[in-house]
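To be precise, the following lines are entry_23.cif, and they hold mmCIF, C-alpha atoms.
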data_work
loop_
_atom_site.label_atom_id
_atom_site.label_comp_id
_atom_site.auth_asym_id
_atom_site.auth_seq_id
_atom_site.Cartn_x
_atom_site.Cartn_y
_atom_site.Cartn_z
CA GLU N 20 106.77 123.94 91.84
CA THR N 21 103.25 122.50 91.94
CA GLY N 22 101.26 125.71 92.45
CA VAL N 23 100.08 124.51 95.86
CA THR N 24 101.09 126.86 98.65
CA GLN N 25 100.99 126.41 102.40
CA SER N 26 101.40 128.78 105.30
CA PRO N 27 103.12 129.19 107.60
CA THR N 28 106.35 127.37 106.74
CA HIS N 29 107.29 126.70 110.33
CA LEU N 30 105.34 126.99 113.56
CA ILE N 31 106.15 126.38 117.22
CA LYS N 32 103.27 125.93 119.64
CA THR N 33 102.86 124.84 123.23
CA ARG N 34 101.03 121.69 124.32
CA GLY N 35 97.32 122.38 124.80
CA GLN N 36 97.20 125.25 122.33
CA GLN N 37 95.30 125.35 119.05
CA VAL N 38 96.75 125.81 115.58
CA THR N 39 95.42 126.62 112.10
CA LEU N 40 97.35 125.70 108.97
CA ARG N 41 96.42 127.01 105.54
CA CYS N 42 96.61 125.64 102.02
CA SER N 43 95.93 127.21 98.65
CA SER N 44 95.12 124.66 95.96
CA GLN N 45 96.49 124.56 92.45
CA SER N 46 94.32 126.51 90.04
CA GLY N 47 91.41 124.42 88.76
CA HIS N 48 91.63 121.79 91.48
CA ASN N 49 88.50 121.21 93.59
CA THR N 50 89.72 118.56 96.01
CA VAL N 51 92.19 118.97 98.84
CA SER N 52 93.69 116.32 101.09
CA TRP N 53 95.74 116.76 104.25
CA TYR N 54 98.51 114.46 105.42
CA GLN N 55 100.64 114.27 108.55
CA GLN N 56 104.26 113.14 108.21
CA ALA N 57 106.16 112.34 111.39
CA LEU N 58 109.94 112.36 111.26
CA GLY N 59 111.26 109.31 109.42
CA GLN N 60 107.80 108.13 108.41
CA GLY N 61 105.66 108.30 105.32
CA PRO N 62 102.73 110.72 105.16
CA GLN N 63 99.49 109.59 106.80
CA PHE N 64 96.10 110.63 105.44
CA ILE N 65 94.14 112.92 107.76
CA PHE N 66 91.09 113.88 105.66
CA GLN N 67 89.94 115.08 102.28
CA TYR N 68 87.58 117.86 101.25
CA TYR N 69 85.57 118.04 98.05
CA ARG N 70 83.19 120.91 97.30
CA GLU N 71 83.53 122.20 100.86
CA GLU N 72 82.52 118.91 102.50
CA GLU N 73 84.63 116.31 104.24
CA ASN N 74 84.93 113.36 101.88
CA GLY N 75 86.94 110.78 103.75
CA ARG N 76 88.91 110.68 106.97
CA GLY N 77 91.88 108.72 108.23
CA ASN N 78 92.53 107.47 111.74
CA PHE N 79 92.77 110.87 113.43
CA PRO N 80 90.77 112.12 116.44
CA PRO N 81 88.05 114.80 116.17
CA ARG N 82 90.41 117.48 117.46
CA PHE N 83 91.76 117.45 113.90
CA SER N 84 89.23 119.36 111.82
CA GLY N 85 89.20 121.19 108.54
CA LEU N 86 87.46 123.56 106.21
CA GLN N 87 87.39 124.09 102.48
CA PHE N 88 86.33 127.45 101.10
CA PRO N 89 84.47 128.31 97.86
CA ASN N 90 87.78 129.18 96.20
CA TYR N 91 88.94 125.65 97.14
CA SER N 92 91.56 126.85 99.62
CA SER N 93 91.59 124.92 102.87
CA GLU N 94 92.42 125.03 106.55
CA LEU N 95 93.54 122.34 108.96
CA ASN N 96 92.75 123.04 112.61
CA VAL N 97 94.20 121.07 115.50
CA ASN N 98 92.91 121.65 119.02
CA ALA N 99 94.50 120.69 122.34
CA LEU N 100 97.91 120.12 120.79
CA GLU N 101 99.94 117.16 121.99
CA LEU N 102 103.68 116.58 121.71
CA ASP N 103 103.05 113.79 119.18
CA ASP N 104 101.38 116.29 116.86
CA SER N 105 104.86 117.57 115.98
CA ALA N 106 105.21 116.75 112.30
CA LEU N 107 105.28 118.05 108.75
CA TYR N 108 101.72 118.75 107.57
CA LEU N 109 101.20 118.44 103.84
CA CYS N 110 98.24 119.39 101.75
CA ALA N 111 97.63 118.05 98.27
CA SER N 112 95.19 119.19 95.63
CA SER N 113 93.59 117.23 92.83
CA THR N 114 90.61 117.33 90.50
CA ARG N 115 87.38 115.41 90.72
CA SER N 116 84.54 115.63 88.24
CA GLY N 117 81.49 113.54 89.06
CA THR N 118 82.73 110.00 89.49
CA ALA N 119 85.89 110.60 87.48
CA ASN N 120 88.94 111.23 89.58
CA SER N 121 92.25 112.65 88.55
CA TYR N 122 94.33 110.48 90.79
CA GLU N 123 97.53 112.47 90.63
CA GLN N 124 97.89 114.69 93.64
CA TYR N 125 99.96 117.86 93.77
CA PHE N 126 101.61 118.50 97.09
CA GLY N 127 102.52 121.77 98.75
CA PRO N 128 105.86 122.31 100.51
CA GLY N 129 104.36 121.60 103.93
CA THR N 130 104.16 123.29 107.31
CA ARG N 131 106.53 122.02 109.97
CA LEU N 132 104.79 122.12 113.35
CA THR N 133 106.73 121.72 116.56
CA VAL N 134 104.82 121.26 119.81
CA THR N 135 106.79 121.89 123.01
CA SER A 15 98.41 103.01 109.15
CA GLN A 16 101.02 102.29 106.50
CA GLN A 17 100.08 100.00 103.64
CA GLY A 18 103.03 100.22 101.30
CA GLU A 19 106.36 99.06 102.64
CA GLU A 20 109.46 100.01 100.72
CA ASP A 21 112.63 97.98 100.57
CA PRO A 22 115.43 98.77 101.15
CA GLN A 23 115.07 101.43 103.84
CA ALA A 24 118.24 103.08 102.57
CA LEU A 25 120.34 102.73 99.43
CA SER A 26 123.74 104.24 98.65
CA ILE A 27 125.13 104.11 95.11
CA GLN A 28 127.56 105.90 92.79
CA GLU A 29 126.54 108.24 90.01
CA GLY A 30 125.80 106.35 86.82
CA GLU A 31 124.61 103.21 88.60
CA ASN A 32 121.00 102.03 88.61
CA ALA A 33 118.84 102.19 91.73
CA THR A 34 116.01 99.75 92.37
CA MET A 35 113.42 100.20 95.11
CA ASN A 36 110.64 97.80 95.93
CA CYS A 37 107.23 98.31 97.46
CA SER A 38 104.78 95.80 98.88
CA TYR A 39 101.19 96.49 99.83
CA LYS A 40 98.31 94.65 101.43
CA THR A 41 94.92 95.42 99.85
CA SER A 42 93.42 95.70 96.38
CA ILE A 43 94.28 98.95 94.68
CA ASN A 44 93.08 101.18 91.86
CA ASN A 45 96.54 102.53 91.18
CA LEU A 46 99.99 102.85 92.72
CA GLN A 47 102.07 106.00 92.64
CA TRP A 48 105.69 106.84 93.35
CA TYR A 49 106.75 110.15 94.91
CA ARG A 50 110.06 111.80 95.68
CA GLN A 51 110.76 114.01 98.68
CA ASN A 52 113.82 116.19 99.12
CA SER A 53 115.01 117.12 102.62
CA GLY A 54 111.64 116.64 104.34
CA ARG A 55 109.82 119.07 102.09
CA GLY A 56 106.89 118.61 99.70
CA LEU A 57 106.34 115.47 97.70
CA VAL A 58 106.89 115.42 93.94
CA HIS A 59 104.78 113.03 91.88
CA LEU A 60 106.96 110.77 89.72
CA ILE A 61 104.73 108.20 88.07
CA LEU A 62 101.34 106.52 88.38
CA ILE A 63 100.63 102.96 87.32
CA ARG A 64 97.08 101.63 87.19
CA SER A 65 96.10 98.22 88.47
CA ASN A 66 95.60 96.89 84.92
CA GLU A 67 99.08 97.97 83.84
CA ARG A 68 102.25 95.94 84.33
CA GLU A 69 105.01 98.35 83.37
CA LYS A 70 105.40 102.06 82.77
CA HIS A 71 108.29 104.27 81.73
CA SER A 72 108.98 107.96 82.23
CA GLY A 73 112.41 109.24 81.25
CA ARG A 74 114.95 107.40 83.40
CA LEU A 75 112.20 105.85 85.53
CA ARG A 76 110.73 102.41 85.05
CA VAL A 77 107.94 101.12 87.26
CA THR A 78 106.54 97.63 87.35
CA LEU A 79 103.42 96.38 89.11
CA ASP A 80 102.56 92.80 90.02
CA THR A 81 99.06 92.77 91.50
CA SER A 82 99.21 89.02 92.15
CA LYS A 83 102.16 89.56 94.46
CA LYS A 84 100.94 92.99 95.60
CA SER A 85 104.30 94.51 94.80
CA SER A 86 105.85 97.23 92.69
CA SER A 87 109.38 98.29 91.83
CA LEU A 88 110.90 101.61 90.82
CA LEU A 89 114.07 101.58 88.75
CA ILE A 90 116.09 104.76 88.27
CA THR A 91 118.67 104.28 85.54
CA ALA A 92 121.96 106.17 85.21
CA SER A 93 121.49 107.86 88.57
CA ARG A 94 122.70 111.38 89.28
CA ALA A 95 123.62 113.17 92.50
CA ALA A 96 120.40 115.19 92.07
CA ASP A 97 118.41 111.96 92.48
CA THR A 98 119.40 111.92 96.16
CA ALA A 99 116.07 111.99 98.02
CA SER A 100 113.52 109.83 99.80
CA TYR A 101 111.23 107.81 97.57
CA PHE A 102 107.74 106.72 98.61
CA CYS A 103 105.22 104.41 97.07
CA ALA A 104 101.56 105.23 97.69
CA THR A 105 98.50 103.15 96.97
CA ASP A 106 95.13 104.48 95.95
CA GLU A 107 92.18 102.17 96.58
CA GLY A 108 89.97 104.26 94.34
CA TYR A 109 88.99 107.12 96.56
CA SER A 110 91.85 109.45 95.69
CA THR A 111 93.28 109.13 99.19
CA LEU A 112 96.81 107.82 99.31
CA THR A 113 98.34 105.33 101.73
CA PHE A 114 102.11 105.74 101.87
CA GLY A 115 104.93 103.48 102.89
CA LYS A 116 107.84 104.56 105.07
CA GLY A 117 110.06 105.31 102.11
CA THR A 118 113.52 104.49 100.80
CA MET A 119 116.34 106.99 101.34
CA LEU A 120 118.53 107.09 98.23
CA LEU A 121 122.02 108.60 98.35
CA VAL A 122 123.82 109.04 95.05
CA SER A 123 127.48 109.94 95.44
CA PRO A 124 129.42 111.78 92.72
#

Please re-express this file's structure in structure tokens.
Amino acid sequence: ETGVTQSPTHLIKTRGQQVTLRCSSQSGHNTVSWYQQALGQGPQFIFQYYREEENGRGNFPPRFSGLQFPNYSSELNVNALELDDSALYLCASSTRSGTANSYEQYFGPGTRLTVT
Amino acid sequence: SQQGEEDPQALSIQEGENATMNCSYKTSINNLQWYRQNSGRGLVHLILIRSNEREKHSGRLRVTLDTSKKSSSLLITASRAADTASYFCATDEGYSTLTFGKGTMLLVSP
């Protein structure tokens, strides 16, 4: 157990709908990253938040957006869902202090999203 | 896009044997990390090796890094059935965002 929690565990949505996934970081961690993992693939970086601001983004369209709150918890929002958005969504928390990064990331159990 | 590529894609061994997985990557890195994933759930961090390190040990795990060849290997010694999982290498270019490979599925039979 890493101390990172995600909700919900599973979710089924219809194409065109919107979804919000939630992540609670490990205590003391101020950075959260989101990854998408399609079946049989490795995780792909979506974006990272540090001190409530987006701090890096992967090759994902703007309909993928996020928030980080003052308590360092985070949300991933996906609008206009497509069938290809079906995947396991993982969040990971870590610590950053100035320019010093703690590179080890602690992953939550993931949210499995199915789009029909 | 995937940077790390693991080899083999799948590996089946008997308990007690050693398992070796390899990872190749394309760009300069700050560090390389190995993760384990059971049954499509969350990733568990195994070991991190920095770009100026060549070898690192943690329990039954041994990781090597060759930056000139842009490759790394993970050795699990004396494997157990509980080691059955998917193993991923991930590269960090210095921004604390990880680029993963497609993984190696390891099956350890009793």

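Excluding Thr98 of chain A and any residue on its chain fewer than 6 positions from it, the residues at most 7 Å away by all atoms listed in the file are A:Leu120, A:Leu121, A:Val122.
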
Next on the checklist: Residues near segment 69-75 of chain N, anyone? I mean within 7 Å using only C-alpha atoms, not counting same-chain ones fewer than 5 positions away, as a list in words.
Outcome noted: Asn49, Thr50, Val51, Leu86, Gln87, Phe88 and Pro89 of chain N

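For the choices N:Ala111, N:Leu40, N:Ala99, N:Leu58, the atom-to-atom distance to Thr28 of chain N is smallest for N:Leu40 when using only C-alpha atoms.
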
Next on the checklist: Here's the selection I'm unsure about, the PyMOL selection byres ((chain A) within 10 of (chain N)); applied to the file above, which residues does it give, as a count of residues only?
Outcome noted: 37

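Closest to Ser42 of chain A among A:Glu29, A:Thr81, A:Glu67, A:Ala24 is A:Thr81, based on all atoms listed in the file.
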
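Picture a line from atom CA of Tyr49 of chain A to atom CA of Ser26 of chain N; it runs 22.0 Å.
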
Next on the checklist: I want to know what sits within 12 Å of Asp80 of chain A, based on all atoms listed in the file, with residues of the same chain fewer than 6 positions away left out; could you give that as a list of chain:residue names?
Outcome noted: A:Asn36, A:Cys37, A:Ser38, A:Tyr39, A:Ser42, A:Ile43, A:Asn45, A:Leu46, A:Ile63, A:Arg64, A:Ser65, A:Asn66, A:Glu67, A:Arg68, A:Glu69, A:Ser86, A:Ser87

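With atom CA of Thr133 of chain N on one side and atom CA of His29 of chain N on the other, the separation reads 8.0 Å.
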
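Using all atoms listed in the file, the protein and nucleic acid residues lying at most 9 Å from the point (104.3, 116.5, 121.0) are N:Thr33, N:Arg34, N:Leu100, N:Glu101, N:Leu102, N:Asp103, N:Asp104, N:Ser105, N:Ala106, N:Thr133, N:Val134, N:Thr135.
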
Item to check | Atom-to-atom span, atom CA of Leu79 of chain A and atom CA of Ala96 of chain A, Å | outcome: 25.5 Å

Item to check | Residues matched by the PyMOL selection byres ((chain N and resi 39) around 10) as number ranges by chain | outcome: N: 26-27, 37-38, 40-41, 84-85, 94-98

Item to check | Answer key for the PyMOL selection byres ((chain N and resi 43) around 6), residues as a list in words | outcome: Val23, Thr24, Cys42, Ser44 and Ser92 of chain N
